[in-house]
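**Student:** Next comes the structure file entry.cif, holding mmCIF, C-alpha atoms.
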```cif
data_start
loop_
_atom_site.label_atom_id
_atom_site.label_comp_id
_atom_site.auth_asym_id
_atom_site.auth_seq_id
_atom_site.Cartn_x
_atom_site.Cartn_y
_atom_site.Cartn_z
CA MET N 1 -117.05 95.03 133.84
CA ARG N 2 -115.16 97.16 136.30
CA GLY N 3 -116.94 99.55 138.62
CA THR N 4 -117.81 103.02 137.43
CA MET N 5 -116.13 104.92 140.27
CA GLY N 6 -112.44 105.74 140.52
CA GLU N 7 -110.42 107.33 143.28
CA ALA N 8 -112.13 109.89 145.51
CA GLY N 9 -115.50 108.85 144.10
CA THR N 10 -114.90 110.31 140.63
CA LYS N 11 -116.59 108.68 137.66
CA LYS N 12 -114.33 106.60 135.47
CA ARG N 13 -113.97 108.02 131.98
CA VAL N 14 -114.37 105.80 128.93
CA ALA N 15 -113.49 106.62 125.34
CA VAL N 16 -115.82 104.67 123.06
CA ALA N 17 -114.45 103.82 119.64
CA MET N 18 -117.48 104.93 117.63
CA SER N 19 -117.64 103.68 114.05
CA GLY N 20 -121.10 105.06 113.35
CA GLY N 21 -122.58 101.57 113.45
CA VAL N 22 -125.16 99.95 115.70
CA ASP N 23 -122.70 98.04 117.90
CA SER N 24 -120.46 100.92 118.95
CA SER N 25 -123.46 103.25 119.34
CA VAL N 26 -125.17 100.83 121.74
CA THR N 27 -121.85 100.47 123.56
CA ALA N 28 -121.68 104.21 124.18
CA ALA N 29 -125.31 104.40 125.31
CA MET N 30 -124.95 101.38 127.62
CA LEU N 31 -121.88 102.75 129.37
CA GLN N 32 -123.49 106.16 129.76
CA ARG N 33 -126.53 104.56 131.40
CA GLU N 34 -124.26 102.55 133.72
CA GLY N 35 -122.76 105.76 135.07
CA TYR N 36 -119.47 106.05 133.22
CA GLU N 37 -118.32 109.43 131.93
CA VAL N 38 -118.34 108.69 128.22
CA PHE N 39 -116.98 110.42 125.16
CA GLY N 40 -116.76 109.24 121.56
CA ILE N 41 -113.61 108.84 119.53
CA THR N 42 -113.64 107.94 115.83
CA MET N 43 -110.78 106.87 113.60
CA GLN N 44 -110.41 108.48 110.21
CA VAL N 45 -108.40 105.92 108.27
CA LEU N 46 -109.45 106.73 104.70
CA ASP N 47 -108.43 109.86 102.81
CA ASP N 48 -111.27 109.76 100.28
CA GLU N 49 -114.85 111.00 100.53
CA ARG N 50 -116.24 108.01 102.46
CA ARG N 51 -116.89 109.87 105.71
CA GLN N 52 -120.43 108.70 106.39
CA HIS N 53 -119.28 106.66 109.38
CA ILE N 54 -117.80 109.81 110.95
CA ASP N 55 -121.02 111.76 110.39
CA ASP N 56 -123.09 108.91 111.85
CA ALA N 57 -120.84 108.65 114.90
CA ALA N 58 -121.10 112.41 115.45
CA ALA N 59 -124.90 112.23 115.17
CA VAL N 60 -125.09 109.50 117.84
CA ALA N 61 -122.73 111.42 120.10
CA ALA N 62 -124.91 114.51 119.74
CA GLN N 63 -128.01 112.44 120.50
CA LEU N 64 -126.37 111.12 123.69
CA GLY N 65 -125.02 114.53 124.63
CA ILE N 66 -121.39 113.40 124.78
CA ALA N 67 -118.21 114.87 123.32
CA HIS N 68 -116.95 113.43 120.06
CA HIS N 69 -113.39 113.47 118.70
CA VAL N 70 -112.08 112.47 115.28
CA VAL N 71 -108.53 111.13 115.12
CA ASP N 72 -106.66 111.30 111.82
CA LEU N 73 -104.93 107.94 111.40
CA VAL N 74 -104.90 107.89 107.60
CA GLU N 75 -101.13 107.64 107.18
CA PRO N 76 -100.36 105.10 109.93
CA PHE N 77 -103.30 102.98 108.72
CA ARG N 78 -101.98 103.09 105.17
CA GLN N 79 -98.53 101.96 106.28
CA ALA N 80 -99.55 99.36 108.86
CA VAL N 81 -102.64 97.83 107.24
CA LYS N 82 -103.08 98.68 103.55
CA GLU N 83 -99.41 98.23 102.61
CA TYR N 84 -99.29 95.03 104.67
CA PHE N 85 -102.40 93.76 102.85
CA ILE N 86 -100.79 94.37 99.45
CA ALA N 87 -97.40 92.96 100.47
CA GLU N 88 -98.92 89.73 101.78
CA TYR N 89 -100.73 89.03 98.52
CA ARG N 90 -97.58 89.88 96.59
CA ALA N 91 -95.75 87.27 98.70
CA GLY N 92 -98.39 84.62 97.97
CA ARG N 93 -99.99 84.80 101.42
CA THR N 94 -103.57 85.58 102.47
CA PRO N 95 -103.63 88.50 104.96
CA ASN N 96 -105.94 89.21 107.87
CA PRO N 97 -106.23 93.02 107.98
CA CYS N 98 -108.50 93.22 111.07
CA ALA N 99 -106.15 91.14 113.21
CA ARG N 100 -103.31 93.37 112.00
CA CYS N 101 -105.16 96.63 112.63
CA ASN N 102 -106.33 95.85 116.16
CA PRO N 103 -103.00 95.88 118.08
CA LEU N 104 -101.39 98.62 116.00
CA ILE N 105 -104.19 101.05 115.20
CA LYS N 106 -107.47 100.56 117.11
CA PHE N 107 -105.99 99.34 120.39
CA GLY N 108 -102.67 100.99 119.70
CA LEU N 109 -102.80 104.56 118.41
CA LEU N 110 -106.52 105.10 119.07
CA LEU N 111 -106.23 103.76 122.62
CA ASP N 112 -103.24 106.05 123.20
CA LYS N 113 -105.26 109.03 121.98
CA GLY N 114 -108.16 108.10 124.25
CA LEU N 115 -105.85 107.94 127.26
CA GLU N 116 -104.31 111.27 126.21
CA LEU N 117 -107.82 112.77 126.27
CA GLY N 118 -108.25 111.61 129.85
CA ALA N 119 -109.94 108.22 129.48
CA ASP N 120 -109.36 105.35 131.87
CA TYR N 121 -110.49 102.79 129.29
CA LEU N 122 -111.25 102.34 125.61
CA ALA N 123 -114.52 100.53 124.89
CA THR N 124 -115.48 99.01 121.55
CA GLY N 125 -118.44 97.15 120.11
CA HIS N 126 -116.54 93.87 119.69
CA TYR N 127 -118.37 90.66 120.51
CA ALA N 128 -115.76 89.39 122.96
CA ARG N 129 -115.24 89.56 126.71
CA VAL N 130 -112.34 90.63 128.88
CA GLU N 131 -112.00 89.93 132.58
CA HIS N 132 -109.83 92.09 134.83
CA PRO N 133 -108.78 89.98 137.84
CA ALA N 134 -107.33 92.07 140.64
CA ASP N 135 -104.31 89.80 141.08
CA ALA N 136 -103.69 88.44 137.59
CA LEU N 137 -103.35 89.39 133.94
CA PRO N 138 -106.50 90.25 131.99
CA ARG N 139 -108.27 87.27 130.41
CA LEU N 140 -109.63 87.50 126.86
CA LEU N 141 -112.75 85.37 126.37
CA LYS N 142 -115.06 84.48 123.52
CA GLY N 143 -118.24 86.48 123.05
CA LEU N 144 -121.35 84.60 124.15
CA ASP N 145 -122.95 84.83 120.68
CA PRO N 146 -121.17 82.09 118.66
CA ARG N 147 -122.30 83.66 115.39
CA LYS N 148 -120.60 86.97 116.18
CA ASP N 149 -117.69 86.05 118.48
CA GLN N 150 -114.70 88.22 117.45
CA SER N 151 -112.08 87.02 119.93
CA TYR N 152 -110.16 85.46 117.00
CA PHE N 153 -109.29 88.94 115.69
CA LEU N 154 -108.07 90.12 119.12
CA PHE N 155 -105.47 87.45 119.87
CA SER N 156 -102.54 89.81 119.24
CA LEU N 157 -103.50 92.43 121.84
CA SER N 158 -100.99 92.74 124.65
CA SER N 159 -101.92 92.28 128.29
CA SER N 160 -101.28 95.99 128.87
CA GLN N 161 -103.72 96.86 126.08
CA LEU N 162 -106.36 94.45 127.42
CA ALA N 163 -105.99 96.05 130.86
CA ARG N 164 -107.39 99.28 129.37
CA VAL N 165 -110.19 97.72 127.31
CA LEU N 166 -113.92 97.16 127.85
CA PHE N 167 -116.17 95.00 125.63
CA PRO N 168 -119.70 95.68 126.91
CA LEU N 169 -121.43 93.67 124.16
CA GLY N 170 -119.58 90.43 124.81
CA GLY N 171 -122.40 88.98 126.88
CA TYR N 172 -125.15 89.76 124.34
CA THR N 173 -126.33 88.40 121.00
CA LYS N 174 -126.43 90.57 117.91
CA ASP N 175 -130.23 90.29 117.81
CA THR N 176 -130.44 91.61 121.38
CA VAL N 177 -128.11 94.51 120.57
CA ARG N 178 -130.25 95.52 117.58
CA GLN N 179 -133.32 95.37 119.80
CA MET N 180 -131.53 97.57 122.35
CA ALA N 181 -130.67 100.10 119.63
CA ALA N 182 -134.35 100.28 118.68
CA GLU N 183 -135.49 100.65 122.30
CA MET N 184 -132.91 103.40 122.85
CA GLY N 185 -134.15 105.18 119.72
CA LEU N 186 -130.63 105.57 118.35
CA VAL N 187 -130.47 107.38 115.03
CA VAL N 188 -128.49 104.49 113.49
CA LYS N 189 -130.82 101.75 114.75
CA ASN N 190 -131.63 100.54 111.23
CA LYS N 191 -128.11 100.76 109.83
CA GLY N 192 -126.71 97.56 108.30
CA ASP N 193 -123.52 95.83 109.34
CA SER N 194 -120.20 97.16 108.08
CA GLN N 195 -118.47 95.72 105.02
CA GLU N 196 -115.89 92.97 105.31
CA ILE N 197 -112.78 95.07 104.52
CA CYS N 198 -113.26 98.69 105.56
CA PHE N 199 -110.81 100.16 103.03
CA ILE N 200 -112.27 98.35 100.00
CA ALA N 201 -115.65 99.92 99.36
CA ASP N 202 -116.93 97.34 96.88
CA ASP N 203 -115.24 94.32 98.56
CA ASP N 204 -113.42 93.72 95.25
CA TYR N 205 -109.98 93.03 96.68
CA ILE N 206 -108.54 92.01 93.31
CA ARG N 207 -109.40 95.43 91.85
CA PHE N 208 -107.81 97.08 94.91
CA LEU N 209 -104.63 95.01 94.61
CA GLU N 210 -104.27 95.83 90.93
CA GLU N 211 -105.31 99.49 90.94
CA VAL N 212 -103.82 100.57 94.27
CA GLY N 213 -101.19 97.93 94.89
CA GLY N 214 -99.90 97.73 91.34
CA LEU N 215 -100.12 93.94 91.24
CA THR N 216 -100.41 92.66 87.68
CA GLY N 217 -102.15 89.66 86.23
CA GLN N 218 -98.87 88.05 85.19
CA GLN N 219 -99.55 84.57 83.90
CA GLY N 220 -97.77 81.57 85.38
CA LYS N 221 -97.95 77.81 85.67
CA VAL N 222 -100.43 75.73 87.64
CA VAL N 223 -98.69 72.51 88.66
CA ASP N 224 -99.49 69.39 90.68
CA ARG N 225 -97.33 67.84 93.41
CA CYS N 226 -95.34 65.92 90.80
CA GLY N 227 -94.49 69.14 88.96
CA ARG N 228 -96.73 68.39 85.98
CA VAL N 229 -98.13 71.52 84.34
CA LEU N 230 -101.92 71.50 84.55
CA GLY N 231 -102.63 74.92 83.11
CA LYS N 232 -102.04 78.65 83.48
CA HIS N 233 -103.11 81.20 86.09
CA ASN N 234 -103.69 84.94 85.63
CA GLY N 235 -101.78 86.32 88.63
CA ILE N 236 -101.09 84.68 92.00
CA HIS N 237 -102.85 87.49 93.89
CA ARG N 238 -106.15 86.21 92.48
CA TYR N 239 -105.90 82.92 94.36
CA THR N 240 -105.80 81.60 97.91
CA VAL N 241 -105.45 78.16 99.48
CA GLY N 242 -108.67 76.16 99.21
CA GLN N 243 -110.00 78.12 96.24
CA ARG N 244 -111.75 76.09 93.53
CA ARG N 245 -113.39 78.65 91.28
CA GLY N 246 -111.28 80.51 88.75
CA LEU N 247 -108.69 77.85 87.96
CA GLY N 248 -110.36 77.07 84.63
CA ILE N 249 -108.73 73.65 84.28
CA ALA N 250 -110.66 70.71 82.87
CA TRP N 251 -109.84 67.66 85.00
CA SER N 252 -111.32 64.31 85.94
CA GLU N 253 -112.30 65.70 89.37
CA PRO N 254 -112.48 69.20 90.87
CA LEU N 255 -109.13 70.89 91.49
CA TYR N 256 -108.30 73.28 94.35
CA VAL N 257 -105.46 75.65 95.12
CA LEU N 258 -103.11 73.84 97.51
CA GLY N 259 -100.40 76.49 97.69
CA VAL N 260 -99.02 79.70 96.20
CA ASP N 261 -95.34 79.90 95.21
CA ALA N 262 -94.65 83.61 94.73
CA ALA N 263 -90.94 83.14 94.03
CA ASN N 264 -91.67 81.01 90.96
CA ASN N 265 -95.04 82.60 90.12
CA GLU N 266 -96.72 79.20 90.35
CA LEU N 267 -99.86 77.73 91.88
CA LEU N 268 -99.94 74.24 93.32
CA ALA N 269 -103.24 72.51 92.60
CA GLY N 270 -104.73 69.19 93.57
CA THR N 271 -107.80 67.32 94.69
CA GLU N 272 -109.92 68.12 97.74
CA GLY N 273 -108.31 65.33 99.74
CA GLU N 274 -104.90 66.98 99.31
CA LEU N 275 -106.14 70.11 101.10
CA TYR N 276 -106.09 68.31 104.45
CA CYS N 277 -103.07 68.90 106.69
CA THR N 278 -101.97 67.38 109.99
CA GLY N 279 -100.64 70.63 111.44
CA LEU N 280 -98.82 73.88 110.83
CA PHE N 281 -95.89 76.08 111.79
CA ALA N 282 -96.62 79.60 113.07
CA SER N 283 -94.50 82.64 113.97
CA GLY N 284 -95.03 85.94 115.76
CA PHE N 285 -96.81 84.27 118.67
CA ASN N 286 -98.52 86.47 121.24
CA TRP N 287 -99.17 84.63 124.50
CA LEU N 288 -101.94 85.80 126.84
CA CYS N 289 -101.01 83.13 129.35
CA THR N 290 -97.79 81.56 130.60
CA PRO N 291 -97.52 78.52 128.33
CA GLU N 292 -96.18 75.20 129.56
CA LEU N 293 -95.09 73.31 126.46
CA PRO N 294 -96.16 70.96 125.08
CA LEU N 295 -99.55 72.67 125.42
CA ALA N 296 -102.88 70.96 124.88
CA ALA N 297 -105.49 73.39 123.56
CA ALA N 298 -108.08 73.92 120.84
CA CYS N 299 -107.27 76.05 117.81
CA LYS N 300 -108.96 78.01 115.06
CA ILE N 301 -107.11 78.47 111.76
CA ARG N 302 -109.58 80.96 110.31
CA TYR N 303 -112.42 83.10 111.66
CA ARG N 304 -115.25 80.70 110.77
CA HIS N 305 -113.28 77.57 111.64
CA GLN N 306 -114.73 75.23 114.26
CA PRO N 307 -112.06 74.88 116.99
CA VAL N 308 -110.19 71.56 116.88
CA PRO N 309 -108.07 69.95 119.64
CA CYS N 310 -104.35 70.37 119.09
CA GLU N 311 -100.92 70.17 120.72
CA VAL N 312 -98.46 73.07 120.57
CA THR N 313 -94.69 72.64 120.81
CA ALA N 314 -91.72 74.95 120.29
CA ALA N 315 -90.03 74.53 116.91
CA GLY N 316 -87.07 76.89 117.36
CA GLU N 317 -86.21 80.29 115.85
CA GLY N 318 -89.47 81.87 117.02
CA LEU N 319 -91.63 79.13 115.48
CA PHE N 320 -94.26 76.96 117.12
CA GLU N 321 -95.68 73.75 115.71
CA VAL N 322 -99.39 73.10 116.07
CA ARG N 323 -100.50 69.49 115.53
CA PHE N 324 -104.20 68.82 115.00
CA SER N 325 -106.04 65.90 116.57
CA GLU N 326 -107.37 65.18 113.09
CA PRO N 327 -106.43 66.63 109.67
CA GLN N 328 -107.82 70.06 108.87
CA LYS N 329 -108.69 71.57 105.51
CA SER N 330 -107.06 74.59 103.84
CA VAL N 331 -104.31 75.70 106.23
CA THR N 332 -103.51 79.13 104.78
CA PRO N 333 -100.20 81.00 105.25
CA GLY N 334 -100.84 84.59 106.35
CA GLN N 335 -103.91 83.74 108.40
CA ALA N 336 -103.86 83.46 112.20
CA VAL N 337 -103.95 80.35 114.33
CA VAL N 338 -105.60 81.19 117.65
CA LEU N 339 -105.49 78.92 120.70
CA TYR N 340 -108.33 78.46 123.16
CA ARG N 341 -109.00 76.62 126.40
CA ASP N 342 -112.77 76.52 126.73
CA ASP N 343 -113.76 80.18 126.21
CA GLN N 344 -110.37 81.69 127.04
CA VAL N 345 -107.92 82.88 124.38
CA LEU N 346 -104.46 81.57 125.29
CA GLY N 347 -102.63 83.28 122.43
CA GLY N 348 -101.98 82.94 118.76
CA GLY N 349 -99.61 83.51 115.88
CA TRP N 350 -99.34 83.82 112.11
CA ILE N 351 -99.41 80.70 109.95
CA GLU N 352 -96.19 80.23 108.01
CA LYS N 353 -96.49 76.73 106.58
CA ALA N 354 -98.77 73.71 106.59
CA VAL N 355 -97.53 70.29 107.69
CA ASN N 356 -98.22 67.42 105.26
CA GLY N 357 -100.04 69.79 102.95
CA ALA N 358 -99.66 72.93 100.87
CA MET N 359 -96.41 74.81 100.32
#
```
Translate this structure into structure tokens?
**Tutor:**
Amino acid sequence: MRGTMGEAGTKKRVAVAMSGGVDSSVTAAMLQREGYEVFGITMQVLDDERRQHIDDAAAVAAQLGIAHHVVDLVEPFRQAVKEYFIAEYRAGRTPNPCARCNPLIKFGLLLDKGLELGADYLATGHYARVEHPADALPRLLKGLDPRKDQSYFLFSLSSSQLARVLFPLGGYTKDTVRQMAAEMGLVVKNKGDSQEICFIADDDYIRFLEEVGGLTGQQGKVVDRCGRVLGKHNGIHRYTVGQRRGLGIAWSEPLYVLGVDAANNELLAGTEGELYCTGLFASGFNWLCTPELPLAAACKIRYRHQPVPCEVTAAGEGLFEVRFSEPQKSVTPGQAVVLYRDDQVLGGGWIEKAVNGAM
């Protein structure tokens, strides 16, 4: 982490993105103890009555004796994240709202507001690390706790954003952070972890898509690779690649969703062996290094995926092809493929199509 003193011996100011949870609260307390001039800044992204996180963040700020600001980002969040989430399911893809939110909202508009309020950096409670070499671009690294590492969700941050970011928890485990919260006596020390999708209170994304997004359970065909009709589905937004439950088709062996064809309102289904793919095509790549192609790296194709060796080549028209060293299961359009070399994030992009696999 960079030193606490700026020019003329003044303390560096840090805006801490406080969510009202344990991680961001410990982040604020840690930085304060290390001598930074800290203030809290909390996003309001929901326009309903779920404001407990704002109240909790304000309570921690009051306990630490630091200023606290609430930033109304309801409308940009709706446009950039919630509408994207709905549109991706409508198109037969499986979105990743956190990876979408980070560059546009949290490390975009919220970072801008923090700088406007006089901060030198924005700090968050992410389990990742960022190094700030004096003579090179910032380096994004995995968090040291493999169970909590969140570098996958941060691949799309720009180098200029990373230059203004601190991740104080990246070198700690979650268990240690909870112990620190207890030792610090923070008022949120016993608070549980946040829900998976912040804007869906009950984690029922199908209800959200139907009630808020207007997606309907329009029936369509379930077909195999030969085009044979195997059964009917109740709306493509209810399914994602790799899903087994919910197909309701009696077959000689278990069937899985291999692909989603939104244009024809069809699901492609097959056996578990058919889920394995040799590679993928991805678009919208964000490079955090200067790539020399072909590039040998390791990649993750979902958050909980164990990184696998791969080779990356340019495929034209903004596409890159990622070839796995061995076939991987359930390559899912709409998710991110993130490239690593050891602990360093090299970049990543959005999966468009599997190779030798699903649609």
**Student:** N:Gln63, N:Gln243, N:Gln32, N:Asn102: which is nearest Lys329 in chain N, counting all atoms listed in the file?
**Tutor:**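 For Lys329 in chain N, the nearest of the candidates is N:Gln243.
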**Student:** Name the closest residue to Glu75 in chain N among the candidates N:Ala87, N:Val45, N:Leu104, N:Ala29; distances are taken between atoms, counting all atoms listed in the file.
**Tutor:** N:Val45
**Student:** Between CA of Gly235 in chain N and CA of Thr216 in chain N, measure the distance and give it in Å to one decimal.
**Tutor:**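 Interatomic distance here is 6.6 Å.
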**Student:** Using all atoms listed in the file, which residue out of N:His53, N:Arg245, N:Arg228, N:Arg238 lies closest to Leu268 in chain N?
**Tutor:**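 Ranked by minimum distance to Leu268 in chain N, first place goes to N:Arg228.
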**Student:** Using only C-alpha atoms, which of N:Leu247, N:Ile86, N:Val130, N:Val60 sits nearest Tyr205 in chain N?
**Tutor:**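 Result for the nearest residue to Tyr205 in chain N: N:Ile86.
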**Student:** So which residues touch Ala354 in chain N within 8 Å, counting only C-alpha atoms, skipping near sequence neighbours fewer than 6 positions away, as a list in words?
**Tutor:**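 Once the adjacent positions are removed, what remains is Cys277, Thr278, Gly279, Leu280, Phe281, Val331, Thr332 and Pro333 of chain N.
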**Student:** From the list N:Tyr172, N:Tyr121, N:Tyr276, N:Tyr36, which residue is nearest Val355 in chain N when using all atoms listed in the file?
**Tutor:**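 Closest candidate: N:Tyr276.
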**Student:** Could I see range 92-104 of chain N restored to N, CA, C and O atoms, set down as an mmCIF file, in the coordinates of the input?
**Tutor:**
```cif
data_model
loop_
_atom_site.group_PDB
_atom_site.id
_atom_site.type_symbol
_atom_site.label_atom_id
_atom_site.label_comp_id
_atom_site.auth_asym_id
_atom_site.auth_seq_id
_atom_site.Cartn_x
_atom_site.Cartn_y
_atom_site.Cartn_z
ATOM 1 N N GLY N 92 -97.681 85.883 98.102
ATOM 2 C CA GLY N 92 -98.390 84.620 97.970
ATOM 3 C C GLY N 92 -99.099 84.187 99.235
ATOM 4 O O GLY N 92 -99.456 83.015 99.385
ATOM 5 N N ARG N 93 -99.311 85.111 100.171
ATOM 6 C CA ARG N 93 -99.990 84.800 101.420
ATOM 7 C C ARG N 93 -101.366 85.467 101.437
ATOM 8 O O ARG N 93 -101.634 86.374 100.650
ATOM 9 N N THR N 94 -102.226 85.030 102.354
ATOM 10 C CA THR N 94 -103.570 85.580 102.470
ATOM 11 C C THR N 94 -103.663 86.362 103.783
ATOM 12 O O THR N 94 -103.675 85.758 104.852
ATOM 13 N N PRO N 95 -103.709 87.694 103.742
ATOM 14 C CA PRO N 95 -103.630 88.500 104.960
ATOM 15 C C PRO N 95 -104.923 88.535 105.756
ATOM 16 O O PRO N 95 -105.992 88.180 105.271
ATOM 17 N N ASN N 96 -104.797 89.007 106.990
ATOM 18 C CA ASN N 96 -105.940 89.210 107.870
ATOM 19 C C ASN N 96 -105.868 90.643 108.392
ATOM 20 O O ASN N 96 -105.280 90.901 109.440
ATOM 21 N N PRO N 97 -106.433 91.609 107.640
ATOM 22 C CA PRO N 97 -106.230 93.020 107.980
ATOM 23 C C PRO N 97 -106.801 93.433 109.330
ATOM 24 O O PRO N 97 -106.238 94.303 109.994
ATOM 25 N N CYS N 98 -107.916 92.831 109.772
ATOM 26 C CA CYS N 98 -108.500 93.220 111.070
ATOM 27 C C CYS N 98 -107.586 92.825 112.222
ATOM 28 O O CYS N 98 -107.369 93.591 113.159
ATOM 29 N N ALA N 99 -107.045 91.599 112.155
ATOM 30 C CA ALA N 99 -106.150 91.140 113.210
ATOM 31 C C ALA N 99 -104.856 91.951 113.232
ATOM 32 O O ALA N 99 -104.202 92.069 114.271
ATOM 33 N N ARG N 100 -104.488 92.502 112.086
ATOM 34 C CA ARG N 100 -103.310 93.370 112.000
ATOM 35 C C ARG N 100 -103.609 94.759 112.554
ATOM 36 O O ARG N 100 -102.806 95.357 113.274
ATOM 37 N N CYS N 101 -104.786 95.284 112.220
ATOM 38 C CA CYS N 101 -105.160 96.630 112.630
ATOM 39 C C CYS N 101 -105.349 96.747 114.143
ATOM 40 O O CYS N 101 -104.968 97.758 114.751
ATOM 41 N N ASN N 102 -105.932 95.736 114.747
ATOM 42 C CA ASN N 102 -106.330 95.850 116.160
ATOM 43 C C ASN N 102 -105.180 96.231 117.093
ATOM 44 O O ASN N 102 -105.294 97.207 117.841
ATOM 45 N N PRO N 103 -104.049 95.507 117.115
ATOM 46 C CA PRO N 103 -103.000 95.880 118.080
ATOM 47 C C PRO N 103 -102.259 97.150 117.726
ATOM 48 O O PRO N 103 -101.756 97.843 118.620
ATOM 49 N N LEU N 104 -102.192 97.482 116.430
ATOM 50 C CA LEU N 104 -101.390 98.620 116.000
ATOM 51 C C LEU N 104 -102.181 99.920 115.927
ATOM 52 O O LEU N 104 -101.665 100.987 116.295
#
```
